$ cat data28.txt   # compact mmCIF, N, CA and C atoms
# COMPACT_ATOMS: atom_id res chain seq x y z
N MET A 156 -18.33 0.52 10.79
CA MET A 156 -18.11 1.75 10.04
C MET A 156 -17.84 1.42 8.59
N ASN A 157 -18.47 2.13 7.70
CA ASN A 157 -18.21 1.96 6.28
C ASN A 157 -16.88 2.62 5.92
N ALA A 158 -16.27 2.11 4.87
CA ALA A 158 -15.00 2.68 4.42
C ALA A 158 -15.26 4.03 3.76
N LEU A 159 -14.35 4.95 3.99
CA LEU A 159 -14.40 6.23 3.27
C LEU A 159 -13.80 6.00 1.89
N GLU A 160 -14.27 6.76 0.91
CA GLU A 160 -13.76 6.64 -0.46
C GLU A 160 -13.23 7.97 -0.94
N ILE A 161 -12.09 7.90 -1.63
CA ILE A 161 -11.52 9.09 -2.25
C ILE A 161 -11.47 8.84 -3.75
N ARG A 162 -12.16 9.68 -4.48
CA ARG A 162 -12.22 9.61 -5.95
C ARG A 162 -11.88 11.00 -6.50
N GLY A 163 -11.70 11.06 -7.78
CA GLY A 163 -11.43 12.35 -8.41
C GLY A 163 -12.56 13.33 -8.25
N SER A 164 -13.79 12.82 -8.24
CA SER A 164 -14.96 13.69 -8.20
C SER A 164 -15.55 13.89 -6.81
N GLN A 165 -15.14 13.08 -5.84
CA GLN A 165 -15.68 13.22 -4.49
C GLN A 165 -14.72 12.65 -3.46
N ALA A 166 -14.75 13.27 -2.30
CA ALA A 166 -13.88 12.82 -1.21
C ALA A 166 -14.39 13.43 0.08
N PRO A 167 -14.15 12.76 1.20
CA PRO A 167 -14.54 13.34 2.48
C PRO A 167 -13.64 14.54 2.81
N PRO A 168 -14.08 15.37 3.74
CA PRO A 168 -13.23 16.49 4.15
C PRO A 168 -11.89 15.99 4.71
N LEU A 169 -10.85 16.77 4.49
CA LEU A 169 -9.53 16.39 4.97
C LEU A 169 -9.51 16.16 6.48
N GLY A 170 -10.20 16.99 7.22
CA GLY A 170 -10.23 16.85 8.67
C GLY A 170 -10.85 15.53 9.11
N GLU A 171 -11.82 15.06 8.36
CA GLU A 171 -12.45 13.78 8.68
C GLU A 171 -11.45 12.64 8.53
N ILE A 172 -10.61 12.71 7.51
CA ILE A 172 -9.58 11.68 7.31
C ILE A 172 -8.55 11.76 8.41
N ARG A 173 -8.09 12.96 8.73
CA ARG A 173 -7.07 13.13 9.78
C ARG A 173 -7.56 12.65 11.14
N ALA A 174 -8.86 12.74 11.39
CA ALA A 174 -9.43 12.37 12.69
C ALA A 174 -9.70 10.88 12.82
N LEU A 175 -9.61 10.13 11.74
CA LEU A 175 -9.88 8.69 11.82
C LEU A 175 -8.91 8.00 12.77
N ALA A 176 -9.44 7.04 13.51
CA ALA A 176 -8.59 6.28 14.44
C ALA A 176 -8.79 4.79 14.21
N GLY A 177 -9.15 4.42 13.02
CA GLY A 177 -9.39 3.03 12.66
C GLY A 177 -10.27 2.99 11.42
N GLY A 178 -10.48 1.82 10.90
CA GLY A 178 -11.31 1.69 9.71
C GLY A 178 -10.49 1.64 8.44
N GLU A 179 -11.17 1.92 7.33
CA GLU A 179 -10.53 1.83 6.02
C GLU A 179 -10.84 3.06 5.17
N VAL A 180 -9.89 3.37 4.30
CA VAL A 180 -10.08 4.37 3.26
C VAL A 180 -9.78 3.68 1.94
N HIS A 181 -10.69 3.79 1.00
CA HIS A 181 -10.50 3.21 -0.33
C HIS A 181 -10.14 4.32 -1.31
N LEU A 182 -9.04 4.11 -2.02
CA LEU A 182 -8.57 5.07 -3.02
C LEU A 182 -8.86 4.55 -4.41
N PHE A 183 -9.40 5.39 -5.24
CA PHE A 183 -9.65 5.05 -6.63
C PHE A 183 -8.62 5.80 -7.50
N ALA A 184 -8.29 5.24 -8.64
CA ALA A 184 -7.23 5.81 -9.49
C ALA A 184 -7.47 7.29 -9.79
N SER A 185 -8.71 7.67 -9.96
CA SER A 185 -9.02 9.07 -10.29
C SER A 185 -8.68 10.03 -9.16
N ALA A 186 -8.45 9.51 -7.96
CA ALA A 186 -8.10 10.38 -6.82
C ALA A 186 -6.83 11.17 -7.10
N ARG A 187 -5.90 10.57 -7.85
CA ARG A 187 -4.64 11.25 -8.16
C ARG A 187 -4.82 12.45 -9.07
N GLU A 188 -5.99 12.59 -9.67
CA GLU A 188 -6.27 13.72 -10.55
C GLU A 188 -6.77 14.95 -9.79
N ARG A 189 -7.03 14.79 -8.51
CA ARG A 189 -7.52 15.91 -7.71
C ARG A 189 -6.44 16.99 -7.57
N GLU A 190 -6.84 18.24 -7.64
CA GLU A 190 -5.87 19.33 -7.44
C GLU A 190 -5.31 19.33 -6.03
N ASP A 191 -6.12 18.85 -5.08
CA ASP A 191 -5.70 18.83 -3.68
C ASP A 191 -5.13 17.46 -3.26
N TRP A 192 -4.74 16.64 -4.23
CA TRP A 192 -4.21 15.31 -3.94
C TRP A 192 -3.05 15.33 -2.93
N PRO A 193 -2.08 16.25 -3.04
CA PRO A 193 -0.99 16.27 -2.04
C PRO A 193 -1.51 16.47 -0.61
N ARG A 194 -2.56 17.24 -0.44
CA ARG A 194 -3.13 17.44 0.89
C ARG A 194 -3.79 16.15 1.38
N TYR A 195 -4.38 15.39 0.47
CA TYR A 195 -4.97 14.11 0.86
C TYR A 195 -3.89 13.11 1.26
N ILE A 196 -2.76 13.13 0.56
CA ILE A 196 -1.65 12.26 0.93
C ILE A 196 -1.21 12.56 2.36
N ASP A 197 -1.11 13.82 2.71
CA ASP A 197 -0.73 14.21 4.06
C ASP A 197 -1.76 13.73 5.09
N ALA A 198 -3.04 13.92 4.78
CA ALA A 198 -4.10 13.47 5.69
C ALA A 198 -4.09 11.96 5.84
N LEU A 199 -3.83 11.25 4.75
CA LEU A 199 -3.78 9.78 4.80
C LEU A 199 -2.61 9.30 5.66
N ALA A 200 -1.49 10.00 5.59
CA ALA A 200 -0.34 9.62 6.43
C ALA A 200 -0.70 9.73 7.91
N SER A 201 -1.43 10.78 8.28
CA SER A 201 -1.87 10.92 9.67
C SER A 201 -2.82 9.80 10.05
N ALA A 202 -3.73 9.46 9.15
CA ALA A 202 -4.69 8.39 9.42
C ALA A 202 -3.99 7.03 9.56
N ILE A 203 -3.04 6.77 8.70
CA ILE A 203 -2.30 5.50 8.75
C ILE A 203 -1.57 5.39 10.09
N ALA A 204 -0.99 6.48 10.55
CA ALA A 204 -0.28 6.48 11.84
C ALA A 204 -1.23 6.17 12.99
N ARG A 205 -2.53 6.41 12.79
CA ARG A 205 -3.52 6.14 13.83
C ARG A 205 -4.24 4.81 13.62
N GLY A 206 -3.73 3.99 12.71
CA GLY A 206 -4.27 2.64 12.54
C GLY A 206 -5.26 2.43 11.41
N VAL A 207 -5.40 3.40 10.54
CA VAL A 207 -6.32 3.28 9.42
C VAL A 207 -5.68 2.47 8.29
N SER A 208 -6.44 1.62 7.66
CA SER A 208 -5.99 0.85 6.52
C SER A 208 -6.38 1.57 5.24
N VAL A 209 -5.42 1.80 4.36
CA VAL A 209 -5.68 2.49 3.09
C VAL A 209 -5.46 1.49 1.97
N LYS A 210 -6.46 1.36 1.10
CA LYS A 210 -6.40 0.38 0.02
C LYS A 210 -6.76 1.02 -1.31
N TRP A 211 -5.98 0.66 -2.34
CA TRP A 211 -6.30 1.06 -3.71
C TRP A 211 -7.38 0.12 -4.24
N VAL A 212 -8.33 0.67 -4.96
CA VAL A 212 -9.41 -0.11 -5.55
C VAL A 212 -9.27 -0.07 -7.05
N ARG A 213 -9.27 -1.25 -7.66
CA ARG A 213 -9.24 -1.36 -9.13
C ARG A 213 -10.61 -1.74 -9.62
N LEU A 214 -11.05 -1.06 -10.63
CA LEU A 214 -12.36 -1.40 -11.24
C LEU A 214 -12.17 -1.95 -12.61
$ encode --input "data28.txt" --output "structure tokens"
Amino acid sequence: MNALEIRGSQAPPLGEIRALAGGEVHLFASAREREDWPRYIDALASAIARGVSVKWVRL
């Protein structure tokens, strides 16, 4: 499975993140600029509890 990416300009649906049961999510700095960033934090917490690895990406 490829890693999901969350950026300021694009991100997978919240439900897709919450449903993950493994794999990786890559966060880019611009993700924090999203208006719905707090909702993504909540979805990421659910994913982490199910074994997903979340990593910040520096470019």
$ residues_around --input "data28.txt" --residues "range 168-183 of chain A" --least-positions-apart "5" --cutoff "8 Å" --atoms "only C-alpha atoms" --output "number ranges by chain"
A: 156-163, 194-195, 198-199, 201-202, 205-213
$ atom_distance --input "data28.txt" --atom1 "atom N of Glu190 in chain A" --atom2 "atom N of Ser164 in chain A"
8.8 Å
$ atom_distance --input "data28.txt" --atom1 "atom N of Ala186 in chain A" --atom2 "CA of Gln165 in chain A"
8.8 Å
$ select_by_dssp --input "data28.txt" --residues "chain A" --states "strand (DSSP E or B)" --output "list of chain:residue names"
A:Leu159, A:Glu160, A:Ile161, A:Glu179, A:Val180, A:His181, A:Leu182, A:Phe183, A:Ser208, A:Val209, A:Lys210, A:Trp211, A:Val212
$ write_last_selection --input "data28.txt" --atoms "N, CA and C atoms" --output "compact mmCIF listing (two decimals), in the coordinates of the input"
# COMPACT_ATOMS: atom_id res chain seq x y z
N LEU A 159 -14.35 4.95 3.99
CA LEU A 159 -14.40 6.23 3.27
C LEU A 159 -13.80 6.00 1.89
N GLU A 160 -14.27 6.76 0.91
CA GLU A 160 -13.76 6.64 -0.46
C GLU A 160 -13.23 7.97 -0.94
N ILE A 161 -12.09 7.90 -1.63
CA ILE A 161 -11.52 9.09 -2.25
C ILE A 161 -11.47 8.84 -3.75
N GLU A 179 -11.17 1.92 7.33
CA GLU A 179 -10.53 1.83 6.02
C GLU A 179 -10.84 3.06 5.17
N VAL A 180 -9.89 3.37 4.30
CA VAL A 180 -10.08 4.37 3.26
C VAL A 180 -9.78 3.68 1.94
N HIS A 181 -10.69 3.79 1.00
CA HIS A 181 -10.50 3.21 -0.33
C HIS A 181 -10.14 4.32 -1.31
N LEU A 182 -9.04 4.11 -2.02
CA LEU A 182 -8.57 5.07 -3.02
C LEU A 182 -8.86 4.55 -4.41
N PHE A 183 -9.40 5.39 -5.24
CA PHE A 183 -9.65 5.05 -6.63
C PHE A 183 -8.62 5.80 -7.50
N SER A 208 -6.44 1.62 7.66
CA SER A 208 -5.99 0.85 6.52
C SER A 208 -6.38 1.57 5.24
N VAL A 209 -5.42 1.80 4.36
CA VAL A 209 -5.68 2.49 3.09
C VAL A 209 -5.46 1.49 1.97
N LYS A 210 -6.46 1.36 1.10
CA LYS A 210 -6.40 0.38 0.02
C LYS A 210 -6.76 1.02 -1.31
N TRP A 211 -5.98 0.66 -2.34
CA TRP A 211 -6.30 1.06 -3.71
C TRP A 211 -7.38 0.12 -4.24
N VAL A 212 -8.33 0.67 -4.96
CA VAL A 212 -9.41 -0.11 -5.55
C VAL A 212 -9.27 -0.07 -7.05
$ axis_aligned_box --input "data28.txt" --around "range 175-187 of chain A" --padding-each-side "5 Å" --output "lines of an AutoDock Vina configuration file"
center_x = -8.0
center_y = 7.0
center_z = 2.1
size_x = 16.7
size_y = 20.8
size_z = 34.7
